[in-house]
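Novice: Hey, dropping target-v7.txt in here, compact mmCIF, C-alpha atoms:
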# COMPACT_ATOMS: atom_id res chain seq x y z
CA MET A 1 0.00 0.00 0.00
CA LYS A 2 2.82 2.39 0.92
CA ARG A 3 4.62 1.42 -2.29
CA ASN A 4 1.62 2.53 -4.38
CA LEU A 5 1.45 5.80 -2.45
CA TYR A 6 5.15 6.47 -3.16
CA ILE A 7 4.56 5.86 -6.88
CA VAL A 8 1.68 8.37 -6.96
CA LEU A 9 3.76 11.00 -5.18
CA PHE A 10 6.71 10.42 -7.49
CA VAL A 11 4.57 10.77 -10.63
CA SER A 12 2.97 13.96 -9.28
CA LEU A 13 6.41 15.42 -8.53
CA LEU A 14 7.64 14.48 -11.98
CA ILE A 15 4.68 16.22 -13.69
CA ALA A 16 5.22 19.31 -11.57
CA CYS A 17 8.89 19.46 -12.54
CA GLN A 18 7.99 19.24 -16.25
CA LYS A 19 5.50 22.16 -16.13
CA GLU A 20 6.36 24.79 -18.75
CA ASP A 21 5.64 28.48 -18.71
CA ILE A 22 2.91 29.55 -21.17
CA MET A 23 4.08 32.19 -23.59
CA GLU A 24 1.85 35.24 -23.83
CA PHE A 25 1.23 37.00 -27.12
CA SER A 26 2.69 40.48 -27.14
CA SER A 27 2.62 42.98 -30.01
CA ASP A 28 2.56 46.73 -30.53
CA ASP A 29 0.18 46.29 -33.49
CA THR A 30 -3.39 47.46 -32.91
CA THR A 31 -6.22 46.51 -35.22
CA VAL A 32 -9.63 48.05 -35.79
CA TYR A 33 -12.83 46.41 -37.07
CA PHE A 34 -16.61 46.78 -37.27
CA GLN A 35 -18.65 44.60 -34.92
CA GLY A 36 -22.23 45.11 -33.83
CA GLY A 37 -24.11 42.70 -31.63
CA GLY A 38 -27.31 41.67 -29.92
CA GLY A 39 -28.57 39.08 -27.51
CA TYR A 40 -29.08 40.85 -24.21
CA SER A 41 -31.89 42.71 -22.48
CA MET A 42 -32.10 45.46 -19.88
CA PRO A 43 -34.95 44.84 -17.41
CA ALA A 44 -36.48 47.61 -15.31
CA ASN A 45 -34.17 46.89 -12.37
CA GLY A 46 -31.13 47.70 -14.52
CA THR A 47 -29.64 44.19 -14.52
CA VAL A 48 -28.28 43.13 -17.90
CA ILE A 49 -29.36 39.61 -18.88
CA TYR A 50 -27.39 38.01 -21.66
CA ALA A 51 -28.88 35.48 -24.01
CA PRO A 52 -27.21 32.04 -24.23
CA THR A 53 -25.46 33.05 -27.44
CA TYR A 54 -24.42 36.58 -28.31
CA HIS A 55 -25.07 37.30 -31.99
CA TYR A 56 -22.85 39.64 -33.97
CA VAL A 57 -23.93 41.69 -36.99
CA ASP A 58 -22.27 43.74 -39.70
CA SER A 59 -25.37 45.61 -40.89
CA THR A 60 -28.40 47.56 -39.69
CA VAL A 61 -31.85 48.02 -41.24
CA LEU A 62 -33.90 51.06 -40.17
CA SER A 63 -37.27 52.45 -41.27
CA PHE A 64 -39.07 55.76 -40.95
CA ALA A 65 -42.40 53.95 -41.30
CA GLY A 66 -44.80 54.94 -38.55
CA TYR A 67 -42.76 57.93 -37.42
CA PRO A 68 -44.56 61.31 -37.28
CA SER A 69 -44.12 63.24 -40.54
CA ALA A 70 -42.47 66.09 -38.63
CA GLU A 71 -39.52 63.86 -37.72
CA ARG A 72 -37.15 64.24 -40.66
CA THR A 73 -34.10 62.37 -39.35
CA ARG A 74 -33.15 59.17 -37.59
CA ILE A 75 -29.90 58.34 -35.84
CA ALA A 76 -27.92 55.17 -36.45
CA PHE A 77 -24.78 54.05 -34.66
CA VAL A 78 -21.99 52.03 -36.27
CA PRO A 79 -19.91 50.09 -33.68
CA ILE A 80 -16.15 50.20 -34.13
CA LYS A 81 -13.92 47.98 -31.99
CA THR A 82 -10.18 47.76 -31.47
CA MET A 83 -7.87 44.94 -30.44
CA GLY A 84 -4.48 45.63 -28.94
CA LYS A 85 -3.04 48.03 -26.43
CA ILE A 86 -5.24 50.86 -25.16
CA LYS A 87 -3.70 54.32 -25.39
CA ASN A 88 -4.18 57.33 -23.14
CA TYR A 89 -4.78 59.66 -26.09
CA PRO A 90 -7.38 59.82 -28.88
CA ARG A 91 -6.57 57.80 -32.00
CA PRO A 92 -8.14 58.79 -35.33
CA VAL A 93 -9.85 56.02 -37.29
CA LYS A 94 -10.07 56.12 -41.08
CA VAL A 95 -13.52 55.24 -42.38
CA VAL A 96 -14.72 56.01 -45.92
CA VAL A 97 -18.02 55.61 -47.74
CA ASP A 98 -17.83 52.92 -50.38
CA LYS A 99 -19.51 54.89 -53.16
CA GLU A 100 -19.63 51.97 -55.59
CA GLU A 101 -21.70 49.87 -53.18
CA SER A 102 -23.74 52.74 -51.69
CA SER A 103 -26.93 54.20 -53.15
CA ALA A 104 -27.31 56.90 -50.48
CA ILE A 105 -25.44 60.16 -51.06
CA GLU A 106 -23.54 61.83 -48.23
CA GLY A 107 -24.88 65.30 -47.53
CA VAL A 108 -28.19 64.46 -49.21
CA ASP A 109 -29.39 61.21 -47.67
CA PHE A 110 -27.17 61.14 -44.59
CA THR A 111 -24.47 63.00 -42.68
CA VAL A 112 -21.56 61.57 -40.72
CA GLY A 113 -18.44 63.07 -39.15
CA LEU A 114 -15.72 60.93 -40.71
CA ASP A 115 -13.07 63.65 -40.48
CA THR A 116 -13.30 63.80 -36.68
CA LEU A 117 -13.83 60.09 -36.00
CA ALA A 118 -11.47 58.75 -33.31
CA ILE A 119 -11.16 56.17 -30.57
CA PRO A 120 -11.29 58.19 -27.33
CA ALA A 121 -8.40 58.09 -24.86
CA ASN A 122 -8.37 54.98 -22.64
CA ALA A 123 -11.09 53.33 -24.76
CA ASP A 124 -11.19 50.22 -26.94
CA GLY A 125 -14.00 51.32 -29.23
CA VAL A 126 -16.40 54.01 -30.36
CA ARG A 127 -19.88 54.29 -31.83
CA MET A 128 -19.88 56.26 -35.07
CA LEU A 129 -22.99 58.45 -35.30
CA VAL A 130 -24.83 58.57 -38.64
CA ILE A 131 -27.81 60.88 -39.22
CA LEU A 132 -30.26 59.52 -41.82
CA MET A 133 -32.40 61.95 -43.81
CA ARG A 134 -36.06 61.31 -44.60
CA SER A 135 -37.18 61.81 -48.21
CA ASP A 136 -40.02 60.81 -50.53
CA GLU A 137 -37.67 58.43 -52.34
CA LEU A 138 -37.68 56.18 -49.27
CA LEU A 139 -41.41 55.56 -49.83
CA VAL A 140 -40.65 53.59 -52.99
CA LYS A 141 -37.10 52.30 -52.53
CA SER A 142 -34.48 51.60 -49.89
CA LYS A 143 -31.20 53.49 -49.59
CA ARG A 144 -27.92 51.81 -48.70
CA ILE A 145 -24.75 53.12 -47.08
CA VAL A 146 -21.63 50.96 -47.01
CA PHE A 147 -18.80 52.15 -44.75
CA ARG A 148 -15.29 50.74 -45.21
CA LEU A 149 -12.35 50.82 -42.82
CA GLU A 150 -8.91 51.76 -44.10
CA GLU A 151 -5.51 51.44 -42.48
CA ASN A 152 -3.77 54.45 -41.01
CA GLU A 153 -0.78 55.19 -38.77
CA HIS A 154 -2.71 54.12 -35.67
CA PHE A 155 -4.49 50.95 -36.80
CA LYS A 156 -3.80 48.00 -39.04
CA LEU A 157 -6.50 45.82 -40.57
CA LEU A 158 -5.58 42.43 -39.14
CA ILE A 159 -9.14 41.08 -38.72
CA GLN A 160 -10.85 40.48 -42.06
CA SER A 161 -13.91 38.58 -40.86
CA TYR A 162 -15.46 36.98 -37.80
CA LYS A 163 -18.18 34.56 -36.83
CA ALA A 164 -21.76 35.74 -36.33
CA SER A 165 -21.98 33.97 -32.98
CA SER A 166 -19.93 34.01 -29.80
CA ASN A 167 -20.45 30.25 -29.62
CA TRP A 168 -17.50 29.12 -31.71
CA ALA A 169 -18.62 25.51 -31.61
CA ALA A 170 -21.82 26.40 -33.45
CA SER A 171 -22.17 26.94 -37.18
CA ALA A 172 -22.81 30.57 -38.09
CA ASP A 173 -22.43 33.03 -40.92
CA THR A 174 -19.12 34.75 -41.55
CA LEU A 175 -19.34 38.52 -41.28
CA ASN A 176 -17.20 41.24 -42.83
CA ALA A 177 -15.05 43.02 -40.25
CA LEU A 178 -14.00 45.81 -42.61
CA LYS A 179 -17.40 46.87 -43.97
CA TYR A 180 -20.63 47.92 -42.26
CA THR A 181 -23.91 48.45 -44.10
CA ILE A 182 -26.92 50.58 -43.18
CA VAL A 183 -30.16 50.10 -45.16
CA PHE A 184 -33.02 52.50 -44.54
CA ASN A 185 -36.44 53.17 -46.07
CA GLU A 186 -40.05 54.10 -45.35
CA GLN A 187 -42.08 51.27 -46.80
CA TYR A 188 -45.86 50.93 -46.36
CA ASN A 189 -48.48 48.49 -47.57
CA MET A 190 -51.99 49.62 -48.45
CA PRO A 191 -54.16 49.00 -45.36
CA PHE A 192 -57.06 46.61 -45.87
CA TYR A 193 -59.51 49.27 -44.66
CA TRP A 194 -58.35 51.72 -47.36
CA GLU A 195 -58.68 48.93 -49.92
CA PHE A 196 -62.35 48.50 -48.94
CA PHE A 197 -63.42 52.13 -48.48
CA GLY A 198 -60.57 54.58 -48.97
CA ASP A 199 -60.70 55.23 -52.72
CA ASP A 200 -64.20 56.74 -52.49
CA PHE A 201 -62.84 59.46 -50.20
CA PHE A 202 -59.11 59.82 -50.79
CA GLY A 203 -58.71 58.47 -54.30
CA PRO A 204 -56.22 55.71 -55.23
CA TRP A 205 -53.80 54.76 -52.45
CA THR A 206 -50.18 55.89 -52.66
CA PRO A 207 -47.60 55.74 -49.87
CA LYS A 208 -47.09 59.52 -49.96
CA LYS A 209 -50.82 60.24 -49.74
CA TYR A 210 -51.09 57.78 -46.87
CA GLN A 211 -48.25 59.55 -45.08
CA VAL A 212 -49.75 63.03 -45.58
CA LEU A 213 -53.23 61.91 -44.50
CA ASN A 214 -51.82 60.38 -41.33
CA GLY A 215 -50.05 63.65 -40.59
CA VAL A 216 -53.25 65.67 -41.09
CA MET A 217 -55.39 63.35 -38.96
CA GLY A 218 -52.82 62.24 -36.41
CA TRP A 219 -53.35 58.62 -37.43
CA THR A 220 -50.71 55.92 -37.11
CA VAL A 221 -49.99 52.57 -38.72
CA ARG A 222 -51.40 50.92 -35.60
CA ASP A 223 -54.63 52.93 -35.98
CA TRP A 224 -55.03 51.57 -39.50
CA ASN A 225 -54.31 48.03 -38.34
CA ASN A 226 -57.17 48.39 -35.85
CA ALA A 227 -59.46 50.21 -38.30
CA GLY A 228 -63.18 49.67 -37.90
CA GLY A 229 -62.92 48.36 -34.38
CA THR A 230 -64.69 49.75 -31.35
CA GLY A 231 -63.18 53.10 -30.46
CA SER A 232 -60.79 53.05 -33.43
CA LYS A 233 -59.60 56.40 -34.78
CA VAL A 234 -59.83 55.05 -38.33
CA SER A 235 -63.44 54.25 -39.19
CA PHE A 236 -65.81 54.61 -42.13
CA GLY A 237 -67.84 57.17 -40.22
CA ARG A 238 -64.82 59.49 -39.98
CA PHE A 239 -63.71 59.22 -43.60
CA ASP A 240 -65.87 62.12 -44.83
CA PHE A 241 -64.41 64.40 -42.14
CA ALA A 242 -60.90 63.14 -42.91
CA ALA A 243 -61.29 63.72 -46.66
CA LYS A 244 -62.49 67.28 -46.08
CA ALA A 245 -59.60 67.96 -43.68
CA MET A 246 -57.17 66.51 -46.22
CA ARG A 247 -58.66 68.63 -49.05
CA ARG A 248 -58.40 71.75 -46.90
CA HIS A 249 -54.73 71.04 -46.19
CA LEU A 250 -53.87 70.32 -49.81
CA GLN A 251 -55.77 73.40 -51.02
CA GLU A 252 -54.03 75.66 -48.51
CA MET A 253 -50.66 74.37 -49.68
CA ALA A 254 -51.65 74.86 -53.34
CA ASP A 255 -52.93 78.40 -52.72
CA ALA A 256 -49.63 79.22 -50.97
CA ASP A 257 -47.72 78.19 -54.11
CA THR A 258 -46.32 75.12 -52.32
CA PRO A 259 -48.51 72.35 -53.77
CA ILE A 260 -47.92 68.85 -52.48
CA LYS A 261 -46.90 66.38 -55.15
CA ASP A 262 -47.16 62.63 -55.03
CA VAL A 263 -44.22 60.28 -55.53
CA ASP A 264 -44.81 60.23 -59.31
CA GLY A 265 -44.56 64.03 -59.52
CA SER A 266 -48.29 64.67 -60.02
CA TYR A 267 -50.26 67.02 -57.78
CA MET A 268 -51.77 65.07 -54.93
CA GLN A 269 -55.48 64.57 -55.53
CA LEU A 270 -58.44 63.00 -53.71
CA ALA A 271 -61.69 61.39 -54.91
CA PRO A 272 -63.77 63.62 -57.26
CA LYS A 273 -66.18 64.66 -54.49
CA TYR A 274 -63.24 66.12 -52.54
CA ALA A 275 -61.13 67.30 -55.47
CA VAL A 276 -58.43 69.91 -54.89
CA ASP A 277 -58.33 72.86 -57.32
CA TYR A 278 -54.98 72.95 -59.08
CA SER A 279 -56.20 75.09 -62.01
CA LYS A 280 -53.65 77.85 -61.31
CA TYR A 281 -50.91 75.38 -62.20
CA GLU A 282 -52.50 74.22 -65.43
CA LYS A 283 -51.02 75.67 -68.59
Show the structure stored in the file as structure tokens.
Specialist:
Amino acid sequence: MKRNLYIVLFVSLLIACQKEDIMEFSSDDTTVYFQGGGGYSMPANGTVIYAPTYHYVDSTVLSFAGYPSAERTRIAFVPIKTMGKIKNYPRPVKVVVDKEESSAIEGVDFTVGLDTLAIPANADGVRMLVILMRSDELLVKSKRIVFRLEENEHFKLLIQSYKASSNWAASADTLNALKYTIVFNEQYNMPFYWEFFGDDFFGPWTPKKYQVLNGVMGWTVRDWNNAGGTGSKVSFGRFDFAAKAMRRHLQEMADADTPIKDVDGSYMQLAPKYAVDYSKYEK
């Protein structure tokens, strides 16, 4: 019995003597990359609860649909991360708009401060602020912005791609670490209640007319989804009042030499009973 105990002790001592120091990676190179993510929630008590798997993304899709017509911009944030040593001074990051892959035009469809973009002192990342502009074009098509990282004196581009999940044992899409895409629009579908009754009051449905009518009446997409129900703002009994209010608004704009045009460039018009007078613009 003692002999077996001596053998165990000897083997343990031998393993301990053969233990090697683990080499740590050390480099002065610092890399920068795009990496957004999701998979956590913030309950009312302020405790962050993470989902079992944290999902990473390299794109964002935003819509103006349902927002009040007075709100002409939306804010998007593009997450930029670094890997390497943290510095106690700001470090500029070079990001450009990939014009070949983008349909949105800087200064027209969005604004972003690329010239002043930097990783703050003592930080390992920053959220790049992008202001998206609302326009009638978004009613009929989406706009796309593709940002691309470029190397500078502060950061190399050592990470080309990464997995879409923090669970590396799971299969997941491969995401681009050097490009980040924002897609934005304002897409609507004709509500079923308009399809049944709307043309007799407002004329044929168009997304722009729907948007203007909602602004005049204070209606929302949710109101239309609940149309005809008890206590609903959108009801057949209110359509005559709404059409008259809409005509009054359109006529006032036309009389002020600022007529509202639909997405096809024509003057916005209602059903014949509520027709707006655009005769001053007819040649």
Novice: Taking 3 positions as the minimum chain separation for residues in the same chain, which residues sit within 12 Å of Glu282 (chain A) when counting all atoms listed in the file? Answer as an MDAnalysis selection string.
Specialist: chainID A and resid 266:267 277:279
Novice: Enclose the full set of atoms of region 79-97 of chain A listed in the file within a box whose edges lie along x, y and z, apply 4 Å of padding to each of the six sides, and report centre and edge lengths in Å to one decimal as AutoDock Vina command-line options.
Specialist:
--center_x -11.5 --center_y 52.4 --center_z -35.4 --size_x 24.9 --size_y 22.9 --size_z 32.6
Novice: Give me the residues within 10 Å of Tyr162 (chain A) as an MDAnalysis selection string, counting all atoms listed in the file and dropping any in the same chain fewer than 5 places off.
Specialist: chainID A and resid 33:35 56:58 172:177
Novice: Rounded to one decimal place, report the CA of Ile131 (chain A)-CA of Val97 (chain A) distance in Å.
Specialist: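 Going from CA of Ile131 (chain A) over to CA of Val97 (chain A), I get 14.0 Å.
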Novice: What does the structure give for the distance between CA of Asn226 (chain A) and CA of Gly203 (chain A), in Å to one decimal?
Specialist: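 Rounded to one decimal, the two atoms are 21.1 Å apart.
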Novice: Expressed in Å to a single decimal, how great is the separation between CA of Thr73 (chain A) and CA of Asp264 (chain A)?
Specialist: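 Rounded to one decimal, the two atoms are 22.8 Å apart.
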Novice: List as a CSV table (one decimal) with C-alpha atoms, keeping the file's coordinate frame the protein and nucleic acid residues near Lys81 (chain A), meaning an atom at most 12 Å away when all atoms listed in the file are counted, but skip any in the same chain fewer than 5 places from it.
Specialist:
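See selection-v9.csv below for the written result:
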chain,number,residue,atom,x,y,z
A,30,THR,CA,-3.4,47.5,-32.9
A,31,THR,CA,-6.2,46.5,-35.2
A,32,VAL,CA,-9.6,48.0,-35.8
A,33,TYR,CA,-12.8,46.4,-37.1
A,34,PHE,CA,-16.6,46.8,-37.3
A,35,GLN,CA,-18.6,44.6,-34.9
A,36,GLY,CA,-22.2,45.1,-33.8
A,37,GLY,CA,-24.1,42.7,-31.6
A,86,ILE,CA,-5.2,50.9,-25.2
A,93,VAL,CA,-9.8,56.0,-37.3
A,118,ALA,CA,-11.5,58.8,-33.3
A,119,ILE,CA,-11.2,56.2,-30.6
A,120,PRO,CA,-11.3,58.2,-27.3
A,123,ALA,CA,-11.1,53.3,-24.8
A,124,ASP,CA,-11.2,50.2,-26.9
A,125,GLY,CA,-14.0,51.3,-29.2
A,126,VAL,CA,-16.4,54.0,-30.4
A,127,ARG,CA,-19.9,54.3,-31.8
A,128,MET,CA,-19.9,56.3,-35.1
A,149,LEU,CA,-12.4,50.8,-42.8
A,155,PHE,CA,-4.5,51.0,-36.8
A,157,LEU,CA,-6.5,45.8,-40.6
A,159,ILE,CA,-9.1,41.1,-38.7
A,177,ALA,CA,-15.0,43.0,-40.2
A,178,LEU,CA,-14.0,45.8,-42.6
Novice: Mind checking which residues fall within 9 Å of Thr111 (chain A), counting all atoms listed in the file, ignoring those fewer than 3 positions away in the same chain, and posting them as a list in words?
Specialist: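 Counting only the stated atoms, we get Ile105, Glu106, Gly107, Val108, Leu129, Val130, Ile131, Leu132 and Met133 of chain A.
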Novice: Please write as an NGL selection string the list of polymer residues whose atoms come within 6 Å of (-18.7, 53.4, -44.4), counting all atoms listed in the file and keeping to the coordinates of the file.
Specialist: :A and (95-97 or 146-148)
Novice: Within 9 Å of (-45.3, 54.4, -46.6), only C-alpha atoms: residues as a PyMOL selection string?
Specialist: chain A and resi 64-66+138-140+185-190+206-211
